[in-house]
Each structure stands twice: as C-alpha cells, then as structure tokens.
$ cat work-v1.cif   # mmCIF, C-alpha atoms
data_data
loop_
_atom_site.label_atom_id
_atom_site.label_comp_id
_atom_site.auth_asym_id
_atom_site.auth_seq_id
_atom_site.Cartn_x
_atom_site.Cartn_y
_atom_site.Cartn_z
CA PRO V 1 -33.93 7.60 9.10
CA HIS V 2 -31.17 10.26 8.94
CA TYR V 3 -32.65 12.43 11.68
CA PHE V 4 -29.92 14.32 13.61
CA ARG V 5 -27.17 12.55 11.62
CA THR V 6 -24.21 14.24 9.95
CA VAL V 7 -24.53 13.84 6.19
CA SER V 8 -21.93 16.40 5.02
CA THR V 9 -22.02 17.66 1.43
CA PHE V 10 -22.41 14.03 0.33
CA LEU V 11 -25.96 14.09 1.78
CA ASP V 12 -25.40 10.54 3.01
CA PRO V 13 -24.11 9.58 6.48
CA ASN V 14 -22.50 6.34 5.30
CA PHE V 15 -20.42 7.87 2.50
CA ALA V 16 -19.62 10.86 4.71
CA GLY V 17 -18.51 8.54 7.52
CA GLY V 18 -16.27 6.54 5.21
CA PHE V 19 -14.58 9.67 3.90
CA LEU V 20 -14.10 11.02 7.42
CA VAL V 21 -12.31 7.81 8.43
CA LEU V 22 -9.99 8.19 5.44
CA THR V 23 -9.31 11.77 6.53
CA LEU V 24 -8.46 10.66 10.07
CA LEU V 25 -5.91 8.21 8.66
CA LEU V 26 -3.88 11.06 7.15
CA LEU V 27 -3.52 13.11 10.33
CA PRO V 28 -0.51 11.11 11.65
CA SER V 29 1.40 12.27 8.55
CA LEU V 30 1.44 15.90 9.72
CA ARG V 31 4.94 17.14 10.45
CA GLY V 32 6.44 20.19 12.12
CA ALA V 33 6.44 21.98 15.46
CA THR V 34 2.75 22.86 15.32
CA ALA V 35 1.69 19.43 14.11
CA THR V 36 0.79 18.17 17.59
CA TRP V 37 -1.87 20.70 18.51
CA GLN V 38 -3.09 20.98 14.93
CA SER V 39 -3.48 17.21 14.69
CA LEU V 40 -5.35 17.13 17.99
CA LEU V 41 -7.69 19.94 16.92
CA PHE V 42 -8.37 18.46 13.49
CA PHE V 43 -8.78 14.97 14.94
CA THR V 44 -11.30 16.14 17.52
CA ILE V 45 -13.44 17.96 14.93
CA ILE V 46 -13.34 15.14 12.40
CA PHE V 47 -13.90 12.42 15.01
CA LEU V 48 -16.97 14.24 16.36
CA ALA V 49 -18.28 14.51 12.81
CA LEU V 50 -17.71 10.76 12.36
CA LEU V 51 -19.45 10.07 15.68
CA THR V 52 -22.54 12.03 14.66
CA THR V 53 -22.94 10.19 11.36
CA PHE V 54 -24.14 7.28 13.54
CA SER V 55 -23.07 5.04 10.66
CA ARG V 56 -22.35 1.53 11.89
CA SER V 57 -20.44 0.61 8.74
CA SER V 58 -18.21 3.68 9.17
CA TYR V 59 -17.57 2.80 12.80
CA LEU V 60 -16.51 -0.69 11.74
CA MET V 61 -14.31 0.79 9.03
CA PHE V 62 -12.66 3.02 11.65
CA LEU V 63 -11.87 -0.04 13.77
CA VAL V 64 -10.42 -2.08 10.87
CA SER V 65 -8.42 0.79 9.35
CA GLY V 66 -7.12 1.92 12.74
CA LEU V 67 -6.01 -1.56 13.79
CA THR V 68 -4.42 -2.16 10.38
CA LEU V 69 -2.45 1.09 10.60
CA SER V 70 -1.36 0.32 14.16
CA LEU V 71 -0.09 -3.12 13.10
CA LEU V 72 1.76 -1.72 10.09
CA LYS V 73 3.38 0.97 12.22
CA LYS V 74 3.81 -1.45 15.15
CA SER V 75 2.35 1.18 17.43
CA LYS V 76 0.71 0.24 20.72
CA VAL V 77 -0.52 3.82 21.08
CA PHE V 78 -2.46 3.57 17.79
CA PHE V 79 -3.75 0.12 18.72
CA PHE V 80 -5.16 0.96 22.14
CA GLY V 81 -6.25 4.41 20.96
CA THR V 82 -8.30 2.81 18.19
CA ILE V 83 -9.97 0.41 20.65
CA ILE V 84 -10.85 3.21 23.09
CA LEU V 85 -12.19 5.50 20.38
CA PHE V 86 -14.23 2.65 18.88
CA ILE V 87 -15.84 2.09 22.30
CA ILE V 88 -16.67 5.83 22.39
CA LEU V 89 -18.31 5.51 18.96
CA LEU V 90 -20.42 2.58 20.14
CA ALA V 91 -21.42 4.46 23.29
CA GLY V 92 -22.41 7.48 21.21
CA PHE V 93 -24.51 5.29 18.94
CA GLN V 94 -26.28 3.82 21.96
CA VAL V 95 -27.03 7.30 23.29
CA TYR V 96 -28.41 8.31 19.87
CA THR V 97 -30.56 5.17 19.76
CA ASN V 98 -32.06 5.75 23.21
CA LEU V 99 -32.52 9.53 23.07
CA VAL V 100 -33.26 10.20 19.40
CA SER V 101 -34.26 7.24 17.25
CA LYS V 102 -36.40 5.20 19.66
CA PRO V 103 -38.49 8.14 21.00
CA ARG V 104 -39.24 9.14 17.40
CA ASN V 105 -39.92 5.56 16.24
CA ILE V 106 -37.05 5.65 13.74
CA ASP V 107 -36.57 2.04 12.67
CA ARG V 108 -32.82 1.54 12.06
CA THR V 109 -33.40 -2.15 11.27
CA LYS V 110 -35.14 -1.04 8.07
CA SER V 111 -31.82 -0.04 6.50
CA ALA V 112 -30.33 -3.44 7.40
CA SER V 113 -33.31 -5.17 5.78
CA SER V 114 -32.91 -3.03 2.67
CA ARG V 115 -29.22 -3.99 2.39
CA LEU V 116 -30.10 -7.66 2.71
CA ASN V 117 -32.58 -7.30 -0.16
CA THR V 118 -29.96 -5.69 -2.43
CA TRP V 119 -27.49 -8.48 -1.60
CA GLN V 120 -30.11 -11.03 -2.63
CA GLN V 121 -30.73 -9.08 -5.85
CA GLY V 122 -27.04 -9.06 -6.68
CA LEU V 123 -26.62 -12.78 -6.02
CA THR V 124 -29.68 -13.60 -8.13
CA LEU V 125 -28.39 -11.59 -11.10
CA PHE V 126 -24.97 -13.20 -10.73
CA GLN V 127 -26.51 -16.68 -10.76
CA LYS V 128 -28.30 -15.85 -14.01
CA PHE V 129 -25.20 -14.34 -15.66
CA PRO V 130 -22.21 -15.91 -13.86
CA ILE V 131 -19.46 -15.43 -16.46
CA LEU V 132 -19.84 -11.89 -17.84
CA GLY V 133 -22.60 -10.52 -15.62
CA ILE V 134 -25.65 -8.60 -16.71
CA GLY V 135 -23.58 -5.81 -18.22
CA PHE V 136 -22.45 -2.28 -17.48
CA ASN V 137 -25.26 0.13 -16.53
CA ALA V 138 -27.85 -2.65 -16.91
CA TYR V 139 -28.34 -3.49 -13.23
CA ARG V 140 -31.66 -1.62 -12.89
CA TYR V 141 -33.11 -3.36 -15.96
CA GLY V 142 -32.10 -6.77 -14.62
CA VAL V 143 -33.84 -6.05 -11.31
CA LYS V 144 -36.95 -5.04 -13.24
CA GLU V 145 -36.91 -7.96 -15.69
CA TYR V 146 -36.62 -10.60 -12.96
CA ASN V 147 -39.05 -8.86 -10.56
CA LEU V 148 -36.43 -8.36 -7.85
CA GLY V 149 -37.82 -5.03 -6.65
CA ASP V 150 -41.12 -3.16 -6.38
CA LYS V 151 -42.08 -0.06 -8.35
CA GLN V 152 -40.95 2.34 -5.64
CA PHE V 153 -37.49 0.75 -5.52
CA LEU V 154 -37.12 0.77 -9.31
CA GLU V 155 -37.82 4.50 -9.40
CA SER V 156 -35.12 5.24 -6.82
CA HIS V 157 -31.42 5.90 -7.48
CA GLY V 158 -30.55 2.81 -5.45
CA ALA V 159 -31.98 0.54 -8.16
CA SER V 160 -28.99 1.22 -10.42
CA SER V 161 -26.41 -0.44 -8.14
CA ASN V 162 -25.91 -2.82 -5.23
CA ASP V 163 -25.13 -1.84 -1.64
CA SER V 164 -22.08 -4.10 -1.78
CA SER V 165 -19.30 -2.95 -4.12
CA LEU V 166 -17.97 -6.46 -4.75
CA LEU V 167 -21.48 -7.80 -5.38
CA PHE V 168 -22.03 -4.90 -7.77
CA VAL V 169 -18.92 -5.91 -9.73
CA LEU V 170 -19.91 -9.59 -9.63
CA SER V 171 -23.48 -9.02 -10.82
CA THR V 172 -22.60 -6.58 -13.62
CA THR V 173 -19.34 -8.10 -14.90
CA GLY V 174 -19.48 -11.70 -13.64
CA ILE V 175 -16.60 -13.84 -12.40
CA LEU V 176 -14.23 -12.50 -15.06
CA GLY V 177 -14.95 -8.92 -14.05
CA LEU V 178 -14.55 -9.65 -10.34
CA LEU V 179 -11.20 -11.37 -10.93
CA ALA V 180 -10.02 -8.41 -12.99
CA TYR V 181 -11.10 -5.97 -10.29
CA LEU V 182 -9.45 -7.97 -7.49
CA TYR V 183 -6.29 -8.10 -9.61
CA PHE V 184 -6.42 -4.30 -9.91
CA LEU V 185 -6.63 -3.98 -6.12
CA TRP V 186 -3.81 -6.49 -5.68
CA ILE V 187 -1.52 -4.60 -8.08
CA LEU V 188 -2.42 -1.33 -6.34
CA LEU V 189 -1.42 -2.74 -2.95
CA LYS V 190 1.62 -4.58 -4.29
CA SER V 191 3.03 -1.44 -5.87
CA ASN V 192 2.37 0.55 -2.67
CA ARG V 193 3.68 -1.85 -0.04
CA GLU V 194 5.28 1.02 1.88
CA ASN V 195 2.17 3.20 1.69
CA PHE V 196 0.61 2.34 5.04
CA PHE V 197 -2.21 4.87 4.65
CA LEU V 198 -3.40 3.27 1.41
CA ILE V 199 -3.26 -0.25 2.86
CA ALA V 200 -5.13 0.78 6.01
CA GLY V 201 -7.67 2.78 4.01
CA LEU V 202 -8.39 -0.03 1.57
CA SER V 203 -8.64 -2.58 4.39
CA GLY V 204 -11.36 -0.55 6.06
CA LEU V 205 -13.04 0.30 2.77
CA LEU V 206 -13.41 -3.36 1.84
CA ILE V 207 -15.46 -3.81 5.02
CA HIS V 208 -17.35 -0.54 4.55
CA SER V 209 -18.14 -1.44 0.93
CA LEU V 210 -20.14 -4.46 2.08
CA PHE V 211 -22.80 -2.06 3.36
CA ALA V 212 -22.47 0.87 0.92
CA ASN V 213 -21.11 0.99 -2.62
CA SER V 214 -18.20 3.08 -1.36
CA LEU V 215 -15.43 1.66 -3.54
CA PHE V 216 -17.11 3.28 -6.55
CA TYR V 217 -18.13 6.53 -4.87
CA PRO V 218 -16.18 9.22 -6.82
CA PRO V 219 -14.73 11.21 -3.86
CA ILE V 220 -13.56 8.00 -2.18
CA LEU V 221 -12.24 6.57 -5.45
CA ALA V 222 -10.34 9.84 -5.96
CA TRP V 223 -8.81 9.49 -2.47
CA ILE V 224 -7.59 5.98 -3.31
CA LEU V 225 -5.99 7.06 -6.58
CA LEU V 226 -4.41 10.24 -5.17
CA ILE V 227 -2.94 8.56 -2.09
CA SER V 228 -1.59 5.71 -4.22
CA VAL V 229 0.67 8.14 -6.13
CA SER V 230 1.92 9.73 -2.91
CA PRO V 231 3.58 6.88 -0.99
CA ARG V 232 4.26 7.76 2.64
CA LYS V 233 4.81 5.79 5.82
#
$ encode --input "work-v1.cif" --output "structure tokens"
Amino acid sequence: PHYFRTVSTFLDPNFAGGFLVLTLLLLPSLRGATATWQSLLFFTIIFLALLTTFSRSSYLMFLVSGLTLSLLKKSKVFFFGTIILFIILLAGFQVYTNLVSKPRNIDRTKSASSRLNTWQQGLTLFQKFPILGIGFNAYRYGVKEYNLGDKQFLESHGASSNDSSLLFVLSTTGILGLLAYLYFLWILLKSNRENFFLIAGLSGLLIHSLFANSLFYPPILAWILLISVSPRK
C-alpha cells in the first residue's frame, strides 16, 4: 500500500507527512537577506516530499495548519497560498491514484477500513472502562480479551494503540485521563498565545491525529515541546 510513497526515516508516509507539515510551518520564521531564496528552495523540496507521501491525513493537516497560521497572521498571501497548494496536493494524489495505485490494484480503501476498525475497538474498550480506561500499556490485551481483532492484527505493532490519539487516551485512561490530557493541551496553548507556529501546528495535528496516533509519536511530540519553549510570531 506504500508503493512509490515517501516514507522518510520514519518508514511511514503518514507520520512523515505530518512532520513535513510542521517543518513547512517554520519556514516563514527565517530572517535575513538570503531568507527569501533559501525559504523558497527549502519549501519546494519539503513540499514535494509532502506531496509524494500521498497521505490524505497529512494533506488535510496542511490545509488546517496553513489556514490557521494565515488567520493568526492576518495574511491573505498565506491564506490563498494554502488553498492553491492544497489543490496541487489533491491533484497530485489523483495522478498517483490513476497512474500508480489503480494499475497495480493497490486498494487505498483498505487503510480507511482498518482505521474504522481501530476506532470501533477504542470505543468498545472505553464503553467497558469509561472512568479510568483499560490502563496504560494494556490496550493490546483488552483487544485480545474482548475479541476485537484477529490473530494477525494482535501480532502486529498496531494492536498496542489506536489510530486516533484522543481515542487512545480515552480507551486507556478513561474520561478522567482524557480531561487531564485536554487540560494539558489547553494550558500549553494558553501559555503560548503569541506562539502562532505552535497553535497552527497543534490545530493541524488534532485533525491528523484522528487518522494516525501522531500526538504521541516521539519526533512530533518533541517538536511540540521544543517549539512551545521558543515562542515566536
């Protein structure tokens, strides 16, 4: 399913795409006489890498983060630039679908079906343990105990977490854990109200994390923490 897709050193196009979007957000912060051509060069390379991930969740993250940053900066250039580039991403995905995936019978709907199954797993575990959740590092065992996945799924790395970060928190720590986590995000944003890059990044990540457990992916988590201690407009 990842044929001809950029996976980077993460070996996953979705996580790679999310990180590339976060990288693109920082380019407007470059300063100096050479910043213009450097920004354009870096942007072109990174944008092409994002395009070739063919990750729909990363494309959507790019749209949300870009529009959020344009609104915070009150920039029409950012706003219309984001819309145009998003259209280019969609066009690239269509070209990939017609020229690569369809001729090789690569079923991209399979990944969507898999995500839907993990969402159902997470909701089922939450319903059984609504207050405190099933417990830290116990997600796989809950899936096994309640027959929420087949043998092949249980033997995979994906059985230890949910494709949705918020559902992962909800199923493992319950309502109390989710409230605590949302409070952490709120405090992070509240204390960084002038940090437009963090706000835009988190806005996009919340959307991206519905389709991949990106909020808990170490390189992305490190980006959030590092940018939060370096407030810049």
$ residues_around --input "work-v1.cif" --residues "Tyr181 (chain V)" --least-positions-apart "5" --cutoff "10 Å" --atoms "only C-alpha atoms" --output "PyMOL selection string"
chain V and resi 166+169-170+173+175-176+186-187
$ atom_distance --input "work-v1.cif" --atom1 "CA of Val64 (chain V)" --atom2 "CA of His208 (chain V)"
9.5 Å
$ closest_residue --input "work-v1.cif" --among "V:Asn14, V:Ser65, V:Gln120, V:Asn98" --to "Thr52 (chain V)" --atoms "all atoms listed in the file"
V:Asn14
$ atom_distance --input "work-v1.cif" --atom1 "CA of Arg193 (chain V)" --atom2 "CA of Lys74 (chain V)"
15.2 Å
$ residues_around --input "work-v1.cif" --residues "Pro219 (chain V)" --least-positions-apart "6" --cutoff "10 Å" --atoms "all atoms listed in the file" --output "PyMOL selection string"
chain V and resi 10+15-16+19
$ closest_residue --input "work-v1.cif" --among "V:Phe43, V:Trp37, V:Phe62, V:Phe126" --to "Gly17 (chain V)" --atoms "all atoms listed in the file"
V:Phe62
$ atom_distance --input "work-v1.cif" --atom1 "CA of Ser70 (chain V)" --atom2 "CA of Pro28 (chain V)"
11.1 Å
$ resolve_selection --input "work-v1.cif" --expression "the PyMOL selection byres ((chain V and resi 82) around 10)" --output "list in words"
Phe62, Leu63, Val64, Ser65, Gly66, Leu67, Leu69, Ser70, Lys76, Val77, Phe78, Phe79, Phe80, Gly81, Ile83, Ile84, Leu85, Phe86, Ile87 and Ile88 of chain V
$ write_last_selection --input "work-v1.cif" --atoms "C-alpha atoms" --output "compact mmCIF listing (two decimals), in the frame of the given file"
# COMPACT_ATOMS: atom_id res chain seq x y z
CA PHE V 62 -12.66 3.02 11.65
CA LEU V 63 -11.87 -0.04 13.77
CA VAL V 64 -10.42 -2.08 10.87
CA SER V 65 -8.42 0.79 9.35
CA GLY V 66 -7.12 1.92 12.74
CA LEU V 67 -6.01 -1.56 13.79
CA LEU V 69 -2.45 1.09 10.60
CA SER V 70 -1.36 0.32 14.16
CA LYS V 76 0.71 0.24 20.72
CA VAL V 77 -0.52 3.82 21.08
CA PHE V 78 -2.46 3.57 17.79
CA PHE V 79 -3.75 0.12 18.72
CA PHE V 80 -5.16 0.96 22.14
CA GLY V 81 -6.25 4.41 20.96
CA ILE V 83 -9.97 0.41 20.65
CA ILE V 84 -10.85 3.21 23.09
CA LEU V 85 -12.19 5.50 20.38
CA PHE V 86 -14.23 2.65 18.88
CA ILE V 87 -15.84 2.09 22.30
CA ILE V 88 -16.67 5.83 22.39
$ resolve_selection --input "work-v1.cif" --expression "the PyMOL selection byres ((chain V and resi 130) around 10)" --output "short mmCIF file (atom, residue, chain, number, x, y, z; two decimals) with C-alpha atoms, in the coordinates of the input"
data_model
loop_
_atom_site.label_atom_id
_atom_site.label_comp_id
_atom_site.auth_asym_id
_atom_site.auth_seq_id
_atom_site.Cartn_x
_atom_site.Cartn_y
_atom_site.Cartn_z
CA LEU V 123 -26.62 -12.78 -6.02
CA THR V 124 -29.68 -13.60 -8.13
CA LEU V 125 -28.39 -11.59 -11.10
CA PHE V 126 -24.97 -13.20 -10.73
CA GLN V 127 -26.51 -16.68 -10.76
CA LYS V 128 -28.30 -15.85 -14.01
CA PHE V 129 -25.20 -14.34 -15.66
CA ILE V 131 -19.46 -15.43 -16.46
CA LEU V 132 -19.84 -11.89 -17.84
CA GLY V 133 -22.60 -10.52 -15.62
CA ILE V 134 -25.65 -8.60 -16.71
CA LEU V 170 -19.91 -9.59 -9.63
CA SER V 171 -23.48 -9.02 -10.82
CA THR V 172 -22.60 -6.58 -13.62
CA THR V 173 -19.34 -8.10 -14.90
CA GLY V 174 -19.48 -11.70 -13.64
CA ILE V 175 -16.60 -13.84 -12.40
CA LEU V 176 -14.23 -12.50 -15.06
#
$ residues_around --input "work-v1.cif" --residues "Ala49 (chain V)" --least-positions-apart "6" --cutoff "12 Å" --atoms "all atoms listed in the file" --output "list in words"
Phe4, Arg5, Thr6, Val7, Ser8, Pro13, Asn14, Ala16, Gly17, Gly18, Phe19, Leu20, Val21, Thr23, Leu24, Phe42, Phe43, Ser55, Ser58, Tyr59, Leu89 and Gly92 of chain V
$ write_last_selection --input "work-v1.cif" --atoms "C-alpha atoms" --output "PDB file, keeping the file's coordinate frame"
ATOM      1  CA  PHE V   4     -29.920  14.320  13.610  1.00  0.00           C
ATOM      2  CA  ARG V   5     -27.170  12.550  11.620  1.00  0.00           C
ATOM      3  CA  THR V   6     -24.210  14.240   9.950  1.00  0.00           C
ATOM      4  CA  VAL V   7     -24.530  13.840   6.190  1.00  0.00           C
ATOM      5  CA  SER V   8     -21.930  16.400   5.020  1.00  0.00           C
ATOM      6  CA  PRO V  13     -24.110   9.580   6.480  1.00  0.00           C
ATOM      7  CA  ASN V  14     -22.500   6.340   5.300  1.00  0.00           C
ATOM      8  CA  ALA V  16     -19.620  10.860   4.710  1.00  0.00           C
ATOM      9  CA  GLY V  17     -18.510   8.540   7.520  1.00  0.00           C
ATOM     10  CA  GLY V  18     -16.270   6.540   5.210  1.00  0.00           C
ATOM     11  CA  PHE V  19     -14.580   9.670   3.900  1.00  0.00           C
ATOM     12  CA  LEU V  20     -14.100  11.020   7.420  1.00  0.00           C
ATOM     13  CA  VAL V  21     -12.310   7.810   8.430  1.00  0.00           C
ATOM     14  CA  THR V  23      -9.310  11.770   6.530  1.00  0.00           C
ATOM     15  CA  LEU V  24      -8.460  10.660  10.070  1.00  0.00           C
ATOM     16  CA  PHE V  42      -8.370  18.460  13.490  1.00  0.00           C
ATOM     17  CA  PHE V  43      -8.780  14.970  14.940  1.00  0.00           C
ATOM     18  CA  SER V  55     -23.070   5.040  10.660  1.00  0.00           C
ATOM     19  CA  SER V  58     -18.210   3.680   9.170  1.00  0.00           C
ATOM     20  CA  TYR V  59     -17.570   2.800  12.800  1.00  0.00           C
ATOM     21  CA  LEU V  89     -18.310   5.510  18.960  1.00  0.00           C
ATOM     22  CA  GLY V  92     -22.410   7.480  21.210  1.00  0.00           C
TER      23      GLY V  92
END
$ closest_residue --input "work-v1.cif" --among "V:Lys102, V:Asn117, V:Leu167, V:Ile227" --to "Asn195 (chain V)" --atoms "only C-alpha atoms"
V:Ile227
$ closest_residue --input "work-v1.cif" --among "V:Val229, V:Phe93, V:Ser165, V:Glu155" --to "Leu48 (chain V)" --atoms "all atoms listed in the file"
V:Phe93
$ closest_residue --input "work-v1.cif" --among "V:Tyr3, V:Gly142, V:Ser191, V:Asp163" --to "Thr97 (chain V)" --atoms "all atoms listed in the file"
V:Tyr3
